[in-house]
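Chemist: run_38.pdb (PDB, C-alpha atoms, pLDDT in the B column) pasted underneath:
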ATOM      1  CA  MET A  23    -104.244  75.682 202.905  1.00 49.00           C
ATOM      2  CA  HIS A  24    -104.144  75.460 206.736  1.00 51.00           C
ATOM      3  CA  GLY A  25    -102.842  78.963 207.305  1.00 50.00           C
ATOM      4  CA  LYS A  26    -100.472  79.033 204.329  1.00 59.00           C
ATOM      5  CA  SER A  27    -100.321  82.171 202.234  1.00 68.00           C
ATOM      6  CA  VAL A  28    -103.037  82.453 199.588  1.00 70.00           C
ATOM      7  CA  GLY A  29    -103.026  85.469 197.281  1.00 71.00           C
ATOM      8  CA  ALA A  30    -105.305  87.167 194.784  1.00 75.00           C
ATOM      9  CA  GLY A  31    -103.799  85.096 191.959  1.00 74.00           C
ATOM     10  CA  ASP A  32    -104.919  81.896 193.676  1.00 76.00           C
ATOM     11  CA  TYR A  33    -108.467  83.151 194.145  1.00 80.00           C
ATOM     12  CA  TYR A  34    -108.779  84.394 190.588  1.00 83.00           C
ATOM     13  CA  PHE A  35    -107.279  81.233 189.093  1.00 81.00           C
ATOM     14  CA  ASN A  36    -109.860  79.233 191.051  1.00 81.00           C
ATOM     15  CA  ILE A  37    -112.600  81.217 189.279  1.00 86.00           C
ATOM     16  CA  ILE A  38    -111.281  80.985 185.709  1.00 88.00           C
ATOM     17  CA  LYS A  39    -109.334  77.707 185.851  1.00 85.00           C
ATOM     18  CA  GLY A  40    -112.035  75.673 184.090  1.00 86.00           C
ATOM     19  CA  VAL A  41    -111.124  71.988 183.848  1.00 82.00           C
ATOM     20  CA  GLU A  42    -108.104  70.041 182.676  1.00 75.00           C
ATOM     21  CA  LYS A  43    -108.117  68.290 179.310  1.00 69.00           C
ATOM     22  CA  ILE A  44    -110.837  65.659 178.936  1.00 70.00           C
ATOM     23  CA  ASP A  45    -110.054  62.532 176.919  1.00 63.00           C
ATOM     24  CA  SER A  46    -110.540  58.738 176.998  1.00 59.00           C
ATOM     25  CA  ASN A  47    -107.956  58.375 179.762  1.00 64.00           C
ATOM     26  CA  ASN A  48    -109.066  61.371 181.784  1.00 60.00           C
ATOM     27  CA  LYS A  49    -112.789  61.453 182.446  1.00 63.00           C
ATOM     28  CA  LEU A  50    -114.644  64.577 183.554  1.00 61.00           C
ATOM     29  CA  LYS A  51    -113.947  64.690 187.293  1.00 65.00           C
ATOM     30  CA  GLU A  52    -115.872  67.833 188.049  1.00 71.00           C
ATOM     31  CA  ILE A  53    -118.398  70.049 186.341  1.00 80.00           C
ATOM     32  CA  PRO A  54    -116.895  73.531 185.829  1.00 85.00           C
ATOM     33  CA  PHE A  55    -119.803  75.399 187.413  1.00 88.00           C
ATOM     34  CA  ILE A  56    -118.096  78.807 187.490  1.00 90.00           C
ATOM     35  CA  TYR A  57    -117.015  78.551 183.838  1.00 92.00           C
ATOM     36  CA  LEU A  58    -120.542  77.562 182.774  1.00 93.00           C
ATOM     37  CA  GLY A  59    -122.030  80.247 185.015  1.00 93.00           C
ATOM     38  CA  PHE A  60    -119.949  82.899 183.257  1.00 93.00           C
ATOM     39  CA  ALA A  61    -120.953  81.410 179.900  1.00 95.00           C
ATOM     40  CA  ILE A  62    -124.682  81.482 180.642  1.00 95.00           C
ATOM     41  CA  PHE A  63    -124.529  85.011 182.043  1.00 95.00           C
ATOM     42  CA  ILE A  64    -122.532  86.435 179.118  1.00 95.00           C
ATOM     43  CA  SER A  65    -124.718  84.704 176.528  1.00 96.00           C
ATOM     44  CA  TYR A  66    -127.874  85.897 178.290  1.00 95.00           C
ATOM     45  CA  ILE A  67    -126.633  89.499 178.505  1.00 94.00           C
ATOM     46  CA  THR A  68    -125.615  89.390 174.832  1.00 94.00           C
ATOM     47  CA  GLY A  69    -129.131  88.323 173.867  1.00 93.00           C
ATOM     48  CA  GLN A  70    -130.727  90.947 176.103  1.00 91.00           C
ATOM     49  CA  ILE A  71    -128.637  93.760 174.618  1.00 90.00           C
ATOM     50  CA  LEU A  72    -129.600  92.684 171.096  1.00 87.00           C
ATOM     51  CA  GLU A  73    -133.301  92.557 172.024  1.00 84.00           C
ATOM     52  CA  ASN A  74    -133.379  95.849 173.889  1.00 74.00           C
ATOM     53  CA  GLU A  75    -136.439  97.890 172.939  1.00 60.00           C
ATOM     54  CA  CYS A  76    -134.394 101.068 172.501  1.00 56.00           C
ATOM     55  CA  ASN A  77    -133.284  99.639 169.129  1.00 52.00           C
ATOM     56  CA  LYS A  78    -135.948 101.536 167.224  1.00 50.00           C
ATOM     57  CA  ILE A  79    -135.233 104.810 169.000  1.00 51.00           C
ATOM     58  CA  PHE A  80    -131.504 104.432 168.324  1.00 51.00           C
ATOM     59  CA  ILE A  81    -132.007 103.686 164.626  1.00 47.00           C
ATOM     60  CA  ILE A  82    -134.431 106.545 164.178  1.00 48.00           C
ATOM     61  CA  TYR A  83    -132.129 109.133 165.754  1.00 53.00           C
ATOM     62  CA  ALA A  84    -128.688 107.740 164.904  1.00 58.00           C
ATOM     63  CA  GLY A  85    -129.578 106.924 161.356  1.00 60.00           C
ATOM     64  CA  THR A  86    -127.613 103.866 160.239  1.00 75.00           C
ATOM     65  CA  ARG A  87    -127.706 100.128 160.775  1.00 79.00           C
ATOM     66  CA  LYS A  88    -123.917 100.031 161.031  1.00 83.00           C
ATOM     67  CA  LYS A  89    -124.003 102.417 164.004  1.00 81.00           C
ATOM     68  CA  TRP A  90    -126.707 100.248 165.573  1.00 81.00           C
ATOM     69  CA  ILE A  91    -124.745  96.992 165.405  1.00 86.00           C
ATOM     70  CA  LEU A  92    -121.482  98.662 166.473  1.00 87.00           C
ATOM     71  CA  SER A  93    -123.232 100.184 169.485  1.00 85.00           C
ATOM     72  CA  LYS A  94    -124.556  96.741 170.441  1.00 89.00           C
ATOM     73  CA  ILE A  95    -121.119  95.139 170.046  1.00 92.00           C
ATOM     74  CA  THR A  96    -119.526  97.892 172.149  1.00 90.00           C
ATOM     75  CA  ALA A  97    -122.102  97.444 174.915  1.00 89.00           C
ATOM     76  CA  ILE A  98    -121.551  93.671 174.954  1.00 93.00           C
ATOM     77  CA  PHE A  99    -117.765  94.056 175.138  1.00 94.00           C
ATOM     78  CA  ILE A 100    -118.049  96.551 178.005  1.00 93.00           C
ATOM     79  CA  ASN A 101    -120.296  94.142 179.910  1.00 93.00           C
ATOM     80  CA  ILE A 102    -117.813  91.273 179.461  1.00 95.00           C
ATOM     81  CA  VAL A 103    -114.884  93.397 180.641  1.00 95.00           C
ATOM     82  CA  PHE A 104    -116.917  94.656 183.604  1.00 94.00           C
ATOM     83  CA  MET A 105    -117.836  91.113 184.655  1.00 93.00           C
ATOM     84  CA  TYR A 106    -114.259  89.794 184.608  1.00 93.00           C
ATOM     85  CA  MET A 107    -112.844  92.939 186.215  1.00 92.00           C
ATOM     86  CA  THR A 108    -115.441  92.742 189.000  1.00 92.00           C
ATOM     87  CA  ALA A 109    -114.362  89.161 189.708  1.00 89.00           C
ATOM     88  CA  ALA A 110    -110.701  90.229 189.678  1.00 86.00           C
ATOM     89  CA  ILE A 111    -111.324  93.087 192.123  1.00 87.00           C
ATOM     90  CA  ILE A 112    -113.196  90.782 194.510  1.00 87.00           C
ATOM     91  CA  CYS A 113    -110.307  88.295 194.371  1.00 82.00           C
ATOM     92  CA  PHE A 114    -107.795  91.114 194.875  1.00 79.00           C
ATOM     93  CA  MET A 115    -109.595  92.174 198.053  1.00 79.00           C
ATOM     94  CA  SER A 116    -110.042  88.561 199.223  1.00 75.00           C
ATOM     95  CA  GLY A 117    -106.316  87.954 198.768  1.00 65.00           C
ATOM     96  CA  LYS A 118    -105.568  90.923 201.033  1.00 65.00           C
ATOM     97  CA  ARG A 119    -104.352  92.854 197.990  1.00 63.00           C
ATOM     98  CA  LYS A 120    -101.458  90.425 197.457  1.00 64.00           C
ATOM     99  CA  ILE A 121    -101.051  89.463 193.796  1.00 63.00           C
ATOM    100  CA  THR A 122     -99.278  86.199 194.547  1.00 63.00           C
ATOM    101  CA  PHE A 123     -99.523  82.511 193.640  1.00 64.00           C
ATOM    102  CA  ASN A 124     -99.063  79.438 195.812  1.00 62.00           C
ATOM    103  CA  SER A 125     -97.407  76.707 193.726  1.00 59.00           C
ATOM    104  CA  GLU A 126     -98.368  73.970 196.215  1.00 64.00           C
ATOM    105  CA  LEU A 127    -102.008  75.011 195.945  1.00 64.00           C
ATOM    106  CA  PHE A 128    -101.887  74.879 192.141  1.00 62.00           C
ATOM    107  CA  GLU A 129    -100.318  71.432 191.976  1.00 60.00           C
ATOM    108  CA  LYS A 130    -102.176  69.746 194.840  1.00 61.00           C
ATOM    109  CA  TYR A 131    -105.660  71.245 194.698  1.00 59.00           C
ATOM    110  CA  PHE A 132    -106.024  72.674 191.210  1.00 60.00           C
ATOM    111  CA  GLY A 133    -104.625  69.573 189.493  1.00 57.00           C
ATOM    112  CA  THR A 134    -102.213  71.386 187.218  1.00 61.00           C
ATOM    113  CA  ASP A 135     -99.441  69.326 185.629  1.00 53.00           C
ATOM    114  CA  TYR A 136     -96.936  71.956 186.657  1.00 59.00           C
ATOM    115  CA  PHE A 137     -96.804  75.620 187.515  1.00 62.00           C
ATOM    116  CA  ILE A 138     -94.385  78.033 185.859  1.00 61.00           C
ATOM    117  CA  GLN A 139     -93.600  81.059 187.991  1.00 60.00           C
ATOM    118  CA  ASN A 140     -90.734  83.363 187.091  1.00 53.00           C
ATOM    119  CA  ASN A 141     -90.200  86.936 186.009  1.00 50.00           C
ATOM    120  CA  GLU A 142     -89.948  86.073 182.313  1.00 60.00           C
ATOM    121  CA  ASN A 143     -93.561  84.868 182.218  1.00 68.00           C
ATOM    122  CA  LYS A 144     -95.270  87.802 183.950  1.00 70.00           C
ATOM    123  CA  PHE A 145     -96.687  89.106 180.685  1.00 75.00           C
ATOM    124  CA  LEU A 146     -98.052  85.652 179.821  1.00 78.00           C
ATOM    125  CA  TYR A 147     -99.818  85.478 183.177  1.00 77.00           C
ATOM    126  CA  ILE A 148    -101.526  88.786 182.427  1.00 79.00           C
ATOM    127  CA  LEU A 149    -102.695  87.385 179.087  1.00 83.00           C
ATOM    128  CA  VAL A 150    -103.927  84.113 180.613  1.00 83.00           C
ATOM    129  CA  PHE A 151    -105.707  85.731 183.535  1.00 83.00           C
ATOM    130  CA  PHE A 152    -107.210  88.821 181.916  1.00 88.00           C
ATOM    131  CA  ALA A 153    -106.881  89.193 178.145  1.00 92.00           C
ATOM    132  CA  ALA A 154    -107.585  85.604 177.065  1.00 93.00           C
ATOM    133  CA  PRO A 155    -110.909  85.095 178.940  1.00 94.00           C
ATOM    134  CA  ILE A 156    -112.231  88.504 177.875  1.00 95.00           C
ATOM    135  CA  ILE A 157    -111.282  88.106 174.213  1.00 96.00           C
ATOM    136  CA  ALA A 158    -112.488  84.471 174.117  1.00 96.00           C
ATOM    137  CA  SER A 159    -115.856  85.356 175.650  1.00 96.00           C
ATOM    138  CA  PHE A 160    -116.178  88.273 173.238  1.00 97.00           C
ATOM    139  CA  ALA A 161    -115.368  86.017 170.263  1.00 97.00           C
ATOM    140  CA  ILE A 162    -118.147  83.614 171.286  1.00 97.00           C
ATOM    141  CA  SER A 163    -120.542  86.536 171.759  1.00 96.00           C
ATOM    142  CA  MET A 164    -119.689  87.727 168.246  1.00 97.00           C
ATOM    143  CA  VAL A 165    -120.635  84.298 166.875  1.00 97.00           C
ATOM    144  CA  GLN A 166    -123.839  84.501 168.921  1.00 97.00           C
ATOM    145  CA  ILE A 167    -124.646  87.928 167.457  1.00 95.00           C
ATOM    146  CA  ALA A 168    -124.143  86.651 163.901  1.00 95.00           C
ATOM    147  CA  PHE A 169    -126.507  83.705 164.441  1.00 95.00           C
ATOM    148  CA  SER A 170    -129.004  85.919 166.254  1.00 93.00           C
ATOM    149  CA  LEU A 171    -129.112  88.308 163.310  1.00 91.00           C
ATOM    150  CA  ALA A 172    -129.235  85.536 160.705  1.00 91.00           C
ATOM    151  CA  VAL A 173    -131.840  83.351 162.445  1.00 90.00           C
ATOM    152  CA  LYS A 174    -133.144  84.554 165.806  1.00 89.00           C
ATOM    153  CA  ASN A 175    -131.936  85.317 169.298  1.00 91.00           C
ATOM    154  CA  MET A 176    -132.582  81.869 170.744  1.00 93.00           C
ATOM    155  CA  ALA A 177    -130.517  80.263 167.969  1.00 94.00           C
ATOM    156  CA  GLY A 178    -127.605  82.545 168.807  1.00 95.00           C
ATOM    157  CA  PHE A 179    -127.844  81.698 172.509  1.00 96.00           C
ATOM    158  CA  ILE A 180    -127.913  77.952 171.802  1.00 96.00           C
ATOM    159  CA  ILE A 181    -124.896  78.188 169.461  1.00 96.00           C
ATOM    160  CA  SER A 182    -122.851  80.097 172.022  1.00 96.00           C
ATOM    161  CA  MET A 183    -123.650  77.569 174.748  1.00 96.00           C
ATOM    162  CA  ILE A 184    -122.719  74.699 172.414  1.00 96.00           C
ATOM    163  CA  ILE A 185    -119.316  76.334 171.802  1.00 96.00           C
ATOM    164  CA  TYR A 186    -118.723  76.749 175.531  1.00 96.00           C
ATOM    165  CA  ILE A 187    -119.718  73.146 176.312  1.00 93.00           C
ATOM    166  CA  ILE A 188    -117.773  71.521 173.451  1.00 93.00           C
ATOM    167  CA  SER A 189    -114.710  73.480 174.574  1.00 92.00           C
ATOM    168  CA  ILE A 190    -114.793  71.558 177.868  1.00 90.00           C
ATOM    169  CA  PHE A 191    -114.183  68.254 176.082  1.00 87.00           C
ATOM    170  CA  ASP A 192    -111.611  69.331 173.488  1.00 87.00           C
ATOM    171  CA  ILE A 193    -108.460  71.425 173.857  1.00 88.00           C
ATOM    172  CA  ASN A 194    -108.222  73.274 170.572  1.00 88.00           C
ATOM    173  CA  ILE A 195    -107.274  76.815 169.529  1.00 90.00           C
ATOM    174  CA  PHE A 196    -110.301  76.822 167.203  1.00 92.00           C
ATOM    175  CA  LEU A 197    -112.664  76.452 170.177  1.00 93.00           C
ATOM    176  CA  PRO A 198    -112.637  79.864 171.887  1.00 94.00           C
ATOM    177  CA  GLY A 199    -114.052  78.457 175.112  1.00 94.00           C
ATOM    178  CA  ASN A 200    -110.557  77.124 175.856  1.00 94.00           C
ATOM    179  CA  GLY A 201    -109.367  80.701 176.220  1.00 93.00           C
ATOM    180  CA  CYS A 202    -111.780  81.158 179.125  1.00 93.00           C
ATOM    181  CA  MET A 203    -110.091  78.343 181.058  1.00 92.00           C
ATOM    182  CA  ALA A 204    -106.654  79.263 182.416  1.00 86.00           C
ATOM    183  CA  GLN A 205    -105.836  75.632 183.135  1.00 85.00           C
ATOM    184  CA  ARG A 206    -105.798  74.931 179.387  1.00 87.00           C
ATOM    185  CA  SER A 207    -102.765  77.211 179.025  1.00 86.00           C
ATOM    186  CA  SER A 208     -99.242  75.874 178.557  1.00 83.00           C
ATOM    187  CA  LEU A 209     -98.361  77.741 181.757  1.00 81.00           C
ATOM    188  CA  PHE A 210    -100.314  75.199 183.768  1.00 78.00           C
ATOM    189  CA  MET A 211    -100.649  72.114 181.567  1.00 78.00           C
ATOM    190  CA  GLU A 212     -98.125  69.981 179.774  1.00 75.00           C
ATOM    191  CA  ASN A 213     -98.814  70.279 176.036  1.00 79.00           C
ATOM    192  CA  GLY A 214    -101.284  73.053 176.843  1.00 83.00           C
ATOM    193  CA  LEU A 215    -102.328  75.759 174.412  1.00 90.00           C
ATOM    194  CA  SER A 216    -100.174  78.758 173.594  1.00 89.00           C
ATOM    195  CA  VAL A 217    -102.083  81.745 174.940  1.00 88.00           C
ATOM    196  CA  SER A 218    -100.801  83.992 172.137  1.00 89.00           C
ATOM    197  CA  GLN A 219    -102.087  81.563 169.484  1.00 92.00           C
ATOM    198  CA  VAL A 220    -105.461  81.332 171.237  1.00 93.00           C
ATOM    199  CA  ILE A 221    -105.804  85.123 171.337  1.00 94.00           C
ATOM    200  CA  ILE A 222    -104.796  85.483 167.676  1.00 95.00           C
ATOM    201  CA  MET A 223    -107.398  82.892 166.616  1.00 96.00           C
ATOM    202  CA  ASP A 224    -110.053  84.650 168.706  1.00 96.00           C
ATOM    203  CA  ILE A 225    -109.228  88.001 167.105  1.00 96.00           C
ATOM    204  CA  ILE A 226    -109.479  86.434 163.642  1.00 97.00           C
ATOM    205  CA  MET A 227    -112.869  85.009 164.608  1.00 96.00           C
ATOM    206  CA  ILE A 228    -114.002  88.412 165.863  1.00 97.00           C
ATOM    207  CA  VAL A 229    -113.008  90.106 162.599  1.00 97.00           C
ATOM    208  CA  ILE A 230    -114.685  87.443 160.433  1.00 97.00           C
ATOM    209  CA  THR A 231    -117.925  87.492 162.431  1.00 97.00           C
ATOM    210  CA  LEU A 232    -117.962  91.299 162.373  1.00 96.00           C
ATOM    211  CA  ILE A 233    -117.790  91.256 158.565  1.00 95.00           C
ATOM    212  CA  ILE A 234    -120.616  88.692 158.491  1.00 95.00           C
ATOM    213  CA  GLN A 235    -122.707  90.791 160.876  1.00 94.00           C
ATOM    214  CA  LEU A 236    -122.264  93.924 158.773  1.00 92.00           C
ATOM    215  CA  LYS A 237    -123.265  91.961 155.687  1.00 92.00           C
ATOM    216  CA  ILE A 238    -126.381  90.585 157.386  1.00 91.00           C
ATOM    217  CA  ILE A 239    -127.386  93.920 158.886  1.00 87.00           C
ATOM    218  CA  SER A 240    -127.060  95.668 155.516  1.00 83.00           C
ATOM    219  CA  VAL A 241    -130.038  93.700 154.189  1.00 80.00           C
ATOM    220  CA  LYS A 242    -131.970  92.958 157.400  1.00 73.00           C
ATOM    221  CA  ASP A 243    -134.972  94.976 158.574  1.00 66.00           C
ATOM    222  CA  ILE A 244    -134.130  95.506 162.227  1.00 60.00           C
ATOM    223  CA  LEU A 245    -137.070  97.809 162.848  1.00 56.00           C
TER     224      LEU A 245
END
Show me, as structure tokens, the structure contained in the file I just sent.
Modeler:
Amino acid sequence: MHGKSVGAGDYYFNIIKGVEKIDSNNKLKEIPFIYLGFAIFISYITGQILENECNKIFIIYAGTRKKWILSKITAIFINIVFMYMTAAIICFMSGKRKITFNSELFEKYFGTDYFIQNNENKFLYILVFFAAPIIASFAISMVQIAFSLAVKNMAGFIISMIIYIISIFDINIFLPGNGCMAQRSSLFMENGLSVSQVIIMDIIMIVITLIIQLKIISVKDIL
């Protein structure tokens, strides 16, 4: 920005912005490496937590399958939160602890259709930057867990990666990967997604997959 002010919000948006909507008139101009990097890491960690050899010890001493799966889900959620919060802290320090946005940077370099910045939307920015990516990533991990329990770990990993990749090419509240990309929000894109609707759909997906997981685990020999 040639000496112009760049804040923590600019750095963090650059990490979680993803890509703008892809359609017949707007080809994929760049590969969202950071978005896919987060996706691979979260999916890998999810699989590793499910495969951890302490499973048997936990079941033997804790006693129930329900406690086992809930402990796994909790560990996965904590890892997702830790990953996003670590990125946010690094950006906060890089931005000299200034939680600010540069509208020129957003429009010129990030390719957003427009940039809404006023006091009324502060809560929405918090949702877009922090809640939406965490909940969306967790929703995909919950789908991965369900497929891992029903089939095997590799199947769960493949399914989660398919969801992340398809989300790049379609802007849809039913594809949770969109929640991981801030640029898909109506705050930054004309006709973009409502962040509240995205979060609600992700929560519904989390609840449904949890019920499925509990059903699977009730009849599955995890020892």
Chemist: To verify the selection step, state as number ranges by chain which residues the PyMOL selection byres ((chain A and resi 197) around 12) yields on this input.
Modeler: A: 158-159, 161-162, 165, 182-196, 198-203, 206, 215, 219-221, 223-224, 227
Chemist: May I ask which of the residues A:Leu72, A:Ile67, A:Ile44, A:Leu209 is the closest one to Tyr147 in chain A, counting all atoms listed in the file?
Modeler: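 Among A:Leu72, A:Ile67, A:Ile44, A:Leu209, it is A:Leu209 that comes nearest to Tyr147 in chain A.
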Chemist: For the atom pair CA of Ile102 in chain A and CA of Gln70 in chain A, what is the interatomic distance in Å to one decimal place?
Modeler: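 These atoms are spaced 13.3 Å apart.
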Chemist: Counting only C-alpha atoms, what is within 10 Å of range 104-113 of chain A, bar same-chain residues fewer than 2 positions away, as an NGL selection string?
Modeler: :A and (29-38 or 60 or 63-64 or 98-102 or 115-121 or 151-153 or 155-156)
Chemist: Keeping only C-alpha atoms, write the selected residues as an mmCIF file, in the coordinates of the input.
Modeler:
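Output file part-v2.cif follows:
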data_model
loop_
_atom_site.group_PDB
_atom_site.id
_atom_site.type_symbol
_atom_site.label_atom_id
_atom_site.label_comp_id
_atom_site.auth_asym_id
_atom_site.auth_seq_id
_atom_site.Cartn_x
_atom_site.Cartn_y
_atom_site.Cartn_z
ATOM 1 C CA GLY A 29 -103.026 85.469 197.281
ATOM 2 C CA ALA A 30 -105.305 87.167 194.784
ATOM 3 C CA GLY A 31 -103.799 85.096 191.959
ATOM 4 C CA ASP A 32 -104.919 81.896 193.676
ATOM 5 C CA TYR A 33 -108.467 83.151 194.145
ATOM 6 C CA TYR A 34 -108.779 84.394 190.588
ATOM 7 C CA PHE A 35 -107.279 81.233 189.093
ATOM 8 C CA ASN A 36 -109.860 79.233 191.051
ATOM 9 C CA ILE A 37 -112.600 81.217 189.279
ATOM 10 C CA ILE A 38 -111.281 80.985 185.709
ATOM 11 C CA PHE A 60 -119.949 82.899 183.257
ATOM 12 C CA PHE A 63 -124.529 85.011 182.043
ATOM 13 C CA ILE A 64 -122.532 86.435 179.118
ATOM 14 C CA ILE A 98 -121.551 93.671 174.954
ATOM 15 C CA PHE A 99 -117.765 94.056 175.138
ATOM 16 C CA ILE A 100 -118.049 96.551 178.005
ATOM 17 C CA ASN A 101 -120.296 94.142 179.910
ATOM 18 C CA ILE A 102 -117.813 91.273 179.461
ATOM 19 C CA MET A 115 -109.595 92.174 198.053
ATOM 20 C CA SER A 116 -110.042 88.561 199.223
ATOM 21 C CA GLY A 117 -106.316 87.954 198.768
ATOM 22 C CA LYS A 118 -105.568 90.923 201.033
ATOM 23 C CA ARG A 119 -104.352 92.854 197.990
ATOM 24 C CA LYS A 120 -101.458 90.425 197.457
ATOM 25 C CA ILE A 121 -101.051 89.463 193.796
ATOM 26 C CA PHE A 151 -105.707 85.731 183.535
ATOM 27 C CA PHE A 152 -107.210 88.821 181.916
ATOM 28 C CA ALA A 153 -106.881 89.193 178.145
ATOM 29 C CA PRO A 155 -110.909 85.095 178.940
ATOM 30 C CA ILE A 156 -112.231 88.504 177.875
#
Chemist: Taking into account only C-alpha atoms, which residue in the set A:Ser218, A:Gln205, A:Asn213, A:Gln235 is nearest to Val41 in chain A?
Modeler: A:Gln205
Chemist: What's the separation between CA of Ile71 in chain A and CA of Phe55 in chain A, in Å to one decimal place?
Modeler: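 Between these atoms lies a distance of 24.1 Å.
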Chemist: To one decimal in Å, tell me the separation between CA of Gly69 in chain A and CA of Ile53 in chain A.
Modeler: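 CA of Ile53 in chain A lies 24.6 Å from CA of Gly69 in chain A.
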Chemist: Report as AutoDock Vina command-line options the centre and the edge lengths, in Å to one decimal, of the axis-aligned box holding every listed atom of range 155-173 of chain A, padded by 3 Å on each side.
Modeler:
--center_x -121.4 --center_y 85.9 --center_z 169.8 --size_x 26.9 --size_y 11.2 --size_z 24.2
Chemist: So which one's closest to Tyr66 in chain A, A:Ser208, A:Ser163, A:Thr231, A:Ser240? Using only C-alpha atoms, please.
Modeler: A:Ser163
Chemist: Pick out the closest residue to Leu149 in chain A from this set: A:Ala204, A:Ile56, A:Ile238, A:Leu232. Count only C-alpha atoms.
Modeler: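 Comparing A:Ala204, A:Ile56, A:Ile238, A:Leu232 against Leu149 in chain A, the winner is A:Ala204.
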Chemist: Which is closer to Met176 in chain A than all the others in A:Ser216, A:Ser207, A:Thr86, A:Thr68, using all atoms listed in the file?
Modeler: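 For Met176 in chain A, the nearest of the candidates is A:Thr68.
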Chemist: Between A:Lys174, A:Glu73, A:Phe179, A:Ala154, which one has atoms that come closest to Lys94 in chain A, using all atoms listed in the file?
Modeler: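 With all atoms listed in the file as the atom set, the closest residue is A:Glu73.
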